[in-house]
>>> print(open('final19.csv').read())   # CSV, C-alpha atoms
chain,number,residue,atom,x,y,z
D,15,MET,CA,-27.6,-24.7,25.9
D,16,SER,CA,-30.3,-22.1,25.4
D,17,SER,CA,-30.9,-22.0,29.1
D,18,LEU,CA,-27.3,-21.0,29.8
D,19,LEU,CA,-27.6,-17.7,27.8
D,20,LYS,CA,-30.7,-15.8,27.0
D,21,VAL,CA,-30.7,-14.8,23.3
D,22,ASP,CA,-33.1,-12.4,21.6
D,23,HIS,CA,-34.6,-14.2,18.7
D,24,GLU,CA,-34.9,-11.2,16.5
D,25,LEU,CA,-31.2,-10.4,17.1
D,26,LYS,CA,-30.3,-14.0,16.4
D,27,LYS,CA,-32.2,-13.9,13.2
D,28,LYS,CA,-30.3,-10.8,12.1
D,29,VAL,CA,-27.0,-12.3,13.0
D,30,ASP,CA,-27.8,-15.4,11.0
D,31,CYS,CA,-28.7,-13.3,8.0
D,32,PHE,CA,-25.3,-11.5,8.4
D,33,ARG,CA,-23.5,-14.9,8.5
D,34,GLU,CA,-25.3,-16.1,5.4
D,35,ARG,CA,-24.4,-12.9,3.6
D,36,ILE,CA,-20.8,-13.2,4.5
D,37,THR,CA,-20.8,-16.8,3.5
D,38,THR,CA,-22.3,-16.1,0.1
D,39,GLU,CA,-20.0,-13.2,-0.6
D,40,ALA,CA,-16.8,-15.0,0.6
D,41,GLU,CA,-17.5,-18.1,-1.5
D,42,ASP,CA,-18.1,-16.0,-4.6
D,43,LEU,CA,-14.8,-14.1,-3.9
D,44,VAL,CA,-12.8,-17.4,-3.7
D,45,ALA,CA,-14.6,-19.1,-6.6
D,46,SER,CA,-14.9,-16.1,-9.0
D,47,PHE,CA,-13.4,-12.8,-7.9
D,48,PHE,CA,-9.9,-14.0,-7.0
D,49,PRO,CA,-9.2,-15.8,-10.3
D,50,LYS,CA,-10.5,-12.8,-12.3
D,51,LYS,CA,-8.5,-10.4,-10.3
D,52,LEU,CA,-5.2,-12.3,-10.6
D,53,LEU,CA,-5.7,-12.4,-14.4
D,54,GLU,CA,-6.5,-8.7,-14.5
D,55,LEU,CA,-3.4,-7.8,-12.5
D,56,ASP,CA,-1.3,-10.1,-14.7
D,57,GLY,CA,-2.5,-8.2,-17.7
D,58,PHE,CA,-1.8,-4.9,-16.0
D,59,LEU,CA,1.9,-6.0,-15.5
D,60,LYS,CA,2.2,-6.3,-19.3
D,61,GLU,CA,1.1,-2.7,-20.0
D,62,PRO,CA,3.8,-0.4,-21.5
D,63,MET,CA,3.8,1.9,-18.5
D,64,LEU,CA,5.1,-0.9,-16.4
D,65,ASN,CA,7.6,-2.2,-18.8
D,66,VAL,CA,9.9,0.8,-19.3
D,67,GLN,CA,13.4,-0.5,-20.0
D,68,ASP,CA,15.1,2.9,-20.0
D,69,LEU,CA,14.3,4.4,-16.6
D,70,THR,CA,15.3,7.9,-17.7
D,71,GLN,CA,11.9,8.0,-19.4
D,72,ILE,CA,10.2,8.2,-16.0
D,73,HIS,CA,12.4,11.1,-14.7
D,74,SER,CA,10.6,14.2,-13.8
D,75,GLU,CA,11.9,17.5,-15.2
D,76,MET,CA,13.4,19.6,-12.4
D,77,ASN,CA,12.4,23.2,-13.0
D,78,LEU,CA,14.7,24.6,-10.5
D,79,PRO,CA,17.5,26.7,-12.2
D,80,VAL,CA,20.9,27.0,-10.7
D,81,PRO,CA,21.3,30.7,-9.9
D,82,ASP,CA,24.5,32.6,-10.4
D,83,PRO,CA,26.8,32.6,-7.3
D,84,ILE,CA,26.8,35.7,-5.2
D,85,ILE,CA,30.2,37.4,-5.5
D,86,LEU,CA,31.3,40.0,-2.9
D,87,THR,CA,33.3,42.7,-4.8
D,88,ASN,CA,33.9,44.9,-1.8
D,89,SER,CA,35.6,43.7,1.3
D,90,HIS,CA,33.7,46.2,3.3
D,91,ASP,CA,30.5,44.2,2.6
D,92,VAL,CA,31.8,41.5,5.0
D,93,LEU,CA,32.7,44.0,7.7
D,94,ASP,CA,29.3,45.6,7.4
D,95,ALA,CA,27.4,42.4,7.8
D,96,PRO,CA,25.4,43.4,10.9
D,97,ASN,CA,24.2,46.6,9.1
D,98,LEU,CA,23.5,44.5,5.9
D,99,LYS,CA,21.3,42.1,8.0
D,100,LYS,CA,19.5,45.1,9.5
D,101,ARG,CA,18.8,46.6,6.1
D,102,LYS,CA,17.4,43.3,4.9
D,103,LEU,CA,15.0,43.1,7.8
D,104,GLU,CA,13.9,46.7,7.2
D,105,ASP,CA,13.3,45.8,3.5
D,106,GLY,CA,10.6,43.3,4.7
D,107,ASP,CA,12.6,40.1,5.0
D,108,ASN,CA,11.1,39.2,8.4
D,109,PHE,CA,11.6,35.5,8.1
D,110,PRO,CA,15.0,34.3,9.4
D,111,GLY,CA,16.6,31.1,8.1
D,112,THR,CA,17.9,29.7,4.9
D,113,LYS,CA,16.7,31.6,1.8
D,114,VAL,CA,14.6,29.5,-0.6
D,115,PHE,CA,14.5,30.3,-4.3
D,116,VAL,CA,11.1,31.0,-5.7
D,117,MET,CA,9.7,28.1,-7.9
D,118,PRO,CA,9.5,29.1,-11.6
D,119,ASN,CA,5.8,28.3,-12.0
D,120,GLY,CA,4.7,28.6,-8.3
D,121,MET,CA,4.8,24.9,-7.7
D,122,LEU,CA,7.1,22.0,-8.5
D,123,LYS,CA,5.0,19.2,-9.8
D,124,SER,CA,5.3,15.5,-8.7
D,125,ASN,CA,6.6,12.9,-11.0
D,126,ALA,CA,3.6,12.5,-13.4
D,127,PRO,CA,4.3,9.0,-14.7
D,128,LEU,CA,4.7,7.6,-11.1
D,129,VAL,CA,1.6,9.5,-9.9
D,130,GLU,CA,-0.4,7.9,-12.7
D,131,ILE,CA,0.8,4.4,-11.7
D,132,ILE,CA,0.2,5.1,-8.0
D,133,GLU,CA,-3.4,6.2,-8.6
D,134,LYS,CA,-4.1,2.9,-10.3
D,135,VAL,CA,-2.3,0.8,-7.7
D,136,LYS,CA,-3.8,2.2,-4.5
D,137,PRO,CA,-7.4,1.1,-5.3
D,138,GLU,CA,-6.1,-2.4,-5.9
D,139,ILE,CA,-4.3,-2.4,-2.6
D,140,ARG,CA,-7.4,-1.3,-0.7
D,141,LEU,CA,-9.6,-3.8,-2.6
D,142,LEU,CA,-7.3,-6.7,-1.6
D,143,ILE,CA,-7.5,-5.6,2.1
D,144,GLU,CA,-11.3,-5.4,2.0
D,145,LYS,CA,-11.7,-8.8,0.3
D,146,CYS,CA,-9.2,-10.5,2.5
D,147,ASN,CA,-11.1,-9.2,5.5
D,148,THR,CA,-14.4,-10.7,4.2
D,149,VAL,CA,-12.9,-14.1,3.5
D,150,LYS,CA,-11.1,-14.1,6.9
D,151,MET,CA,-14.4,-13.4,8.7
D,152,TRP,CA,-16.1,-16.2,6.8
D,153,VAL,CA,-13.4,-18.8,7.8
D,154,GLN,CA,-13.4,-17.6,11.4
D,155,LEU,CA,-17.2,-18.1,11.5
D,156,LEU,CA,-16.7,-21.7,10.2
D,157,ILE,CA,-14.4,-22.6,13.1
D,158,PRO,CA,-16.3,-25.0,15.4
D,159,ARG,CA,-16.4,-24.9,19.2
D,160,ILE,CA,-13.3,-26.0,21.0
D,161,GLU,CA,-13.1,-29.7,21.7
D,162,ASP,CA,-10.5,-32.3,22.4
D,163,GLY,CA,-9.3,-34.3,19.4
D,164,ASN,CA,-10.2,-34.3,15.8
D,165,ASN,CA,-8.8,-30.8,15.3
D,166,PHE,CA,-6.8,-31.3,12.0
D,167,GLY,CA,-9.5,-29.5,10.0
D,168,VAL,CA,-9.5,-26.7,12.6
D,169,SER,CA,-5.8,-26.3,12.3
D,170,ILE,CA,-6.3,-25.8,8.5
D,171,GLN,CA,-8.9,-23.1,9.2
D,172,GLU,CA,-6.5,-21.4,11.6
D,173,GLU,CA,-3.7,-21.5,9.1
D,174,THR,CA,-5.9,-20.0,6.4
D,175,VAL,CA,-6.9,-17.2,8.8
D,176,ALA,CA,-3.3,-16.5,9.6
D,177,GLU,CA,-2.4,-16.4,5.9
D,178,LEU,CA,-5.3,-13.9,5.2
D,179,ARG,CA,-4.1,-11.8,8.1
D,180,THR,CA,-0.6,-11.7,6.8
D,181,VAL,CA,-1.8,-10.6,3.3
D,182,GLU,CA,-3.8,-7.8,4.9
D,183,SER,CA,-0.8,-6.6,6.9
D,184,GLU,CA,1.5,-6.7,3.8
D,185,ALA,CA,-1.0,-4.8,1.7
D,186,ALA,CA,-1.3,-2.1,4.3
D,187,SER,CA,2.5,-1.8,4.4
D,188,TYR,CA,2.3,-1.0,0.6
D,189,LEU,CA,0.2,2.0,1.3
D,190,ASP,CA,2.6,3.2,4.0
D,191,GLN,CA,5.5,2.7,1.4
D,192,ILE,CA,3.7,5.0,-1.0
D,193,SER,CA,3.3,7.7,1.7
D,194,ARG,CA,7.0,7.5,2.6
D,195,TYR,CA,7.9,8.0,-1.1
D,196,TYR,CA,6.1,11.3,-1.3
D,197,ILE,CA,7.5,12.5,2.0
D,198,THR,CA,11.1,11.6,1.1
D,199,ARG,CA,10.8,13.2,-2.3
D,200,ALA,CA,9.3,16.4,-0.9
D,201,LYS,CA,12.2,16.7,1.6
D,202,LEU,CA,14.7,16.3,-1.2
D,203,VAL,CA,13.0,18.8,-3.4
D,204,SER,CA,13.0,21.3,-0.5
D,205,LYS,CA,16.7,20.7,-0.2
D,206,ILE,CA,17.2,21.5,-3.8
D,207,ALA,CA,15.2,24.7,-3.4
D,208,LYS,CA,17.5,25.7,-0.5
D,209,TYR,CA,20.8,24.5,-2.1
D,210,PRO,CA,20.3,24.5,-5.8
D,211,HIS,CA,24.1,24.3,-6.5
D,212,VAL,CA,24.3,20.8,-4.9
D,213,GLU,CA,24.1,18.3,-7.7
D,214,ASP,CA,23.8,15.3,-5.4
D,215,TYR,CA,20.3,16.3,-4.2
D,216,ARG,CA,19.1,16.5,-7.8
D,217,ARG,CA,20.6,13.0,-8.6
D,218,THR,CA,19.0,11.6,-5.4
D,219,VAL,CA,15.5,12.6,-6.6
D,220,THR,CA,16.0,10.7,-9.8
D,221,GLU,CA,17.3,7.7,-7.9
D,222,ILE,CA,14.2,7.8,-5.6
D,223,ASP,CA,11.9,8.0,-8.6
D,224,GLU,CA,13.6,5.0,-10.2
D,225,LYS,CA,13.4,3.0,-7.0
D,226,GLU,CA,9.8,3.8,-6.6
D,227,TYR,CA,9.0,2.7,-10.1
D,228,ILE,CA,10.6,-0.7,-9.5
D,229,SER,CA,8.8,-0.9,-6.2
D,230,LEU,CA,5.4,-0.2,-7.7
D,231,ARG,CA,5.9,-2.9,-10.3
D,232,LEU,CA,6.9,-5.3,-7.5
D,233,ILE,CA,3.8,-4.3,-5.5
D,234,ILE,CA,1.5,-5.1,-8.5
D,235,SER,CA,3.3,-8.4,-8.9
D,236,GLU,CA,2.9,-9.2,-5.2
D,237,LEU,CA,-0.9,-8.3,-5.3
D,238,ARG,CA,-1.3,-10.8,-8.2
D,239,ASN,CA,0.7,-13.5,-6.4
D,240,GLN,CA,-1.3,-13.0,-3.2
D,241,TYR,CA,-4.6,-13.6,-5.1
D,242,VAL,CA,-3.1,-16.7,-6.7
D,243,THR,CA,-1.8,-18.0,-3.3
D,244,LEU,CA,-5.1,-17.4,-1.5
D,245,HIS,CA,-7.2,-18.9,-4.2
D,246,ASP,CA,-5.0,-22.0,-4.4
D,247,MET,CA,-4.8,-22.5,-0.7
D,248,ILE,CA,-8.5,-22.2,0.0
D,249,PHE,CA,-9.6,-24.1,-3.1
D,250,LYS,CA,-7.3,-27.1,-2.2
D,251,ASN,CA,-8.6,-27.2,1.4
D,252,ILE,CA,-12.2,-26.1,0.9
D,253,GLU,CA,-13.5,-29.4,2.3
D,254,LYS,CA,-11.7,-29.1,5.6
D,255,ILE,CA,-12.4,-25.4,5.8
D,256,LYS,CA,-16.1,-25.8,5.4
D,257,ARG,CA,-16.4,-29.1,7.3
D,258,PRO,CA,-13.4,-29.3,9.7
D,259,ARG,CA,-14.8,-32.2,11.8
D,260,ASN,CA,-16.3,-34.7,9.5
D,261,SER,CA,-17.0,-37.7,11.7
D,262,ASN,CA,-16.5,-41.2,10.3
D,263,THR,CA,-17.3,-43.0,13.5
D,264,GLU,CA,-20.3,-44.8,11.9
D,265,THR,CA,-17.9,-46.7,9.7
D,266,LEU,CA,-16.0,-48.1,12.7
D,267,TYR,CA,-18.7,-50.4,13.8
>>> encode(input="final19.csv", output="structure tokens")
Amino acid sequence: MSSLLKVDHELKKKVDCFRERITTEAEDLVASFFPKKLLELDGFLKEPMLNVQDLTQIHSEMNLPVPDPIILTNSHDVLDAPNLKKRKLEDGDNFPGTKVFVMPNGMLKSNAPLVEIIEKVKPEIRLLIEKCNTVKMWVQLLIPRIEDGNNFGVSIQEETVAELRTVESEAASYLDQISRYYITRAKLVSKIAKYPHVEDYRRTVTEIDEKEYISLRLIISELRNQYVTLHDMIFKNIEKIKRPRNSNTETLY
């Protein structure tokens, strides 16, 4: 076999060290880290911030006052519209488009309770992705060379890799969901700034916040469940994952 491919012995030694490090880290993740993490997330779900019954408590104060309507008291103001526009431009209003009301304090803040939860959830999502990647690499390195027959253990390995890849993909979608929440809310707040008299825009912001709160709680629950599922799946099949082709031919004679 060695004559078919020239391998640098120093490089091979480094690769073997890498494999040993991945193996040690992955086995510790499955045996110790996954159970501890699922218990930690289960405790997080019981914290008061994630068990708000009255969702009005998570509403963010909308510091955008509704201005008084503009009333035209002289009919000539309508007829003199071109001149009025010209005077506005001469006064320094050089930015055409819909007028936006100035924010009371210079900036409209995000929903503080939700931001606090998001800042705690995002590291957990990234951590799950990283640990799944490590365990996935470990299982892939355990897959033996392709042969005919006796592939039941290999199919278990491949199923485990597929499950780990699915968890990675789902966790990445949680990060995308958080980004979409901020973008959607920002667009709605911009609408409120442009059209402060429209009540539906203000109500939509509160609906978006409530939906995101429920989604964040569901994300944490899913992270916990994924740790449970991965630990259970790998622990039950650890023998076939580590030794997919145990041969019993010596007992047949």
>>> closest_residue(input="final19.csv", among="D:Ile206, D:Ile72, D:Leu19, D:Leu25", to="Val129 in chain D", atoms="only C-alpha atoms")
D:Ile72
>>> closest_residue(input="final19.csv", among="D:Asn260, D:Ser46, D:Thr220, D:Gln67", to="Phe166 in chain D", atoms="all atoms listed in the file")
D:Asn260
>>> closest_residue(input="final19.csv", among="D:Thr174, D:Gln71, D:Asn147, D:Thr198", to="Ile252 in chain D", atoms="only C-alpha atoms")
D:Thr174
>>> closest_residue(input="final19.csv", among="D:Ile233, D:Val153, D:Leu55, D:Val212", to="Gln191 in chain D", atoms="only C-alpha atoms")
D:Ile233
>>> residues_around(input="final19.csv", residues="range 59-65 of chain D", least_positions_apart="3", cutoff="8 Å", atoms="only C-alpha atoms", output="number ranges by chain")
D: 55-56, 131, 231, 234-235
>>> closest_residue(input="final19.csv", among="D:His245, D:Lys136, D:Arg159, D:Lys20", to="Ile192 in chain D", atoms="only C-alpha atoms")
D:Lys136
>>> decode(input="final19.csv", residues="range 190-210 of chain D", atoms="N, CA, C and O atoms", output="short mmCIF file (atom, residue, chain, number, x, y, z; two decimals), in the first residue's frame")
data_model
loop_
_atom_site.label_atom_id
_atom_site.label_comp_id
_atom_site.auth_asym_id
_atom_site.auth_seq_id
_atom_site.Cartn_x
_atom_site.Cartn_y
_atom_site.Cartn_z
N ASP D 190 -29.64 33.20 11.31
CA ASP D 190 -30.27 33.94 10.21
C ASP D 190 -31.63 34.49 10.65
O ASP D 190 -32.01 35.61 10.28
N GLN D 191 -32.35 33.74 11.45
CA GLN D 191 -33.66 34.18 11.95
C GLN D 191 -33.52 35.43 12.82
O GLN D 191 -34.34 36.36 12.73
N ILE D 192 -32.48 35.47 13.65
CA ILE D 192 -32.25 36.63 14.51
C ILE D 192 -31.94 37.86 13.67
O ILE D 192 -32.44 38.96 13.93
N SER D 193 -31.12 37.69 12.63
CA SER D 193 -30.80 38.82 11.75
C SER D 193 -32.05 39.35 11.05
O SER D 193 -32.24 40.57 10.92
N ARG D 194 -32.91 38.44 10.60
CA ARG D 194 -34.15 38.86 9.92
C ARG D 194 -35.05 39.63 10.87
O ARG D 194 -35.75 40.57 10.45
N TYR D 195 -35.05 39.27 12.15
CA TYR D 195 -35.87 39.99 13.12
C TYR D 195 -35.44 41.45 13.22
O TYR D 195 -36.27 42.36 13.17
N TYR D 196 -34.14 41.68 13.33
CA TYR D 196 -33.64 43.05 13.45
C TYR D 196 -33.95 43.86 12.18
O TYR D 196 -34.36 45.03 12.27
N ILE D 197 -33.77 43.24 11.03
CA ILE D 197 -34.02 43.95 9.77
C ILE D 197 -35.51 44.28 9.63
O ILE D 197 -35.88 45.41 9.27
N THR D 198 -36.37 43.32 9.93
CA THR D 198 -37.82 43.54 9.82
C THR D 198 -38.27 44.63 10.78
O THR D 198 -39.05 45.52 10.42
N ARG D 199 -37.78 44.59 12.00
CA ARG D 199 -38.18 45.59 12.99
C ARG D 199 -37.69 46.98 12.60
O ARG D 199 -38.39 47.98 12.79
N ALA D 200 -36.47 47.05 12.08
CA ALA D 200 -35.92 48.35 11.66
C ALA D 200 -36.77 48.97 10.55
O ALA D 200 -37.02 50.18 10.55
N LYS D 201 -37.21 48.15 9.61
CA LYS D 201 -38.05 48.66 8.53
C LYS D 201 -39.38 49.18 9.07
O LYS D 201 -39.89 50.21 8.61
N LEU D 202 -39.95 48.48 10.03
CA LEU D 202 -41.22 48.91 10.61
C LEU D 202 -41.07 50.22 11.39
O LEU D 202 -41.91 51.11 11.30
N VAL D 203 -39.99 50.33 12.14
CA VAL D 203 -39.75 51.56 12.88
C VAL D 203 -39.54 52.73 11.93
O VAL D 203 -39.99 53.86 12.19
N SER D 204 -38.88 52.48 10.80
CA SER D 204 -38.70 53.52 9.80
C SER D 204 -40.05 53.96 9.24
O SER D 204 -40.27 55.16 8.98
N LYS D 205 -40.94 53.01 9.06
CA LYS D 205 -42.29 53.33 8.59
C LYS D 205 -43.02 54.20 9.61
O LYS D 205 -43.74 55.14 9.24
N ILE D 206 -42.84 53.89 10.89
CA ILE D 206 -43.49 54.68 11.93
C ILE D 206 -42.95 56.11 11.93
O ILE D 206 -43.69 57.07 12.13
N ALA D 207 -41.64 56.23 11.71
CA ALA D 207 -41.05 57.57 11.67
C ALA D 207 -41.58 58.38 10.50
O ALA D 207 -41.76 59.59 10.59
N LYS D 208 -41.87 57.70 9.38
CA LYS D 208 -42.38 58.40 8.21
C LYS D 208 -43.89 58.65 8.31
O LYS D 208 -44.38 59.69 7.87
N TYR D 209 -44.59 57.67 8.88
CA TYR D 209 -46.05 57.77 8.97
C TYR D 209 -46.50 57.56 10.42
O TYR D 209 -47.06 56.53 10.77
N PRO D 210 -46.22 58.53 11.28
CA PRO D 210 -46.52 58.35 12.70
C PRO D 210 -48.00 58.28 13.03
O PRO D 210 -48.37 57.86 14.13
#
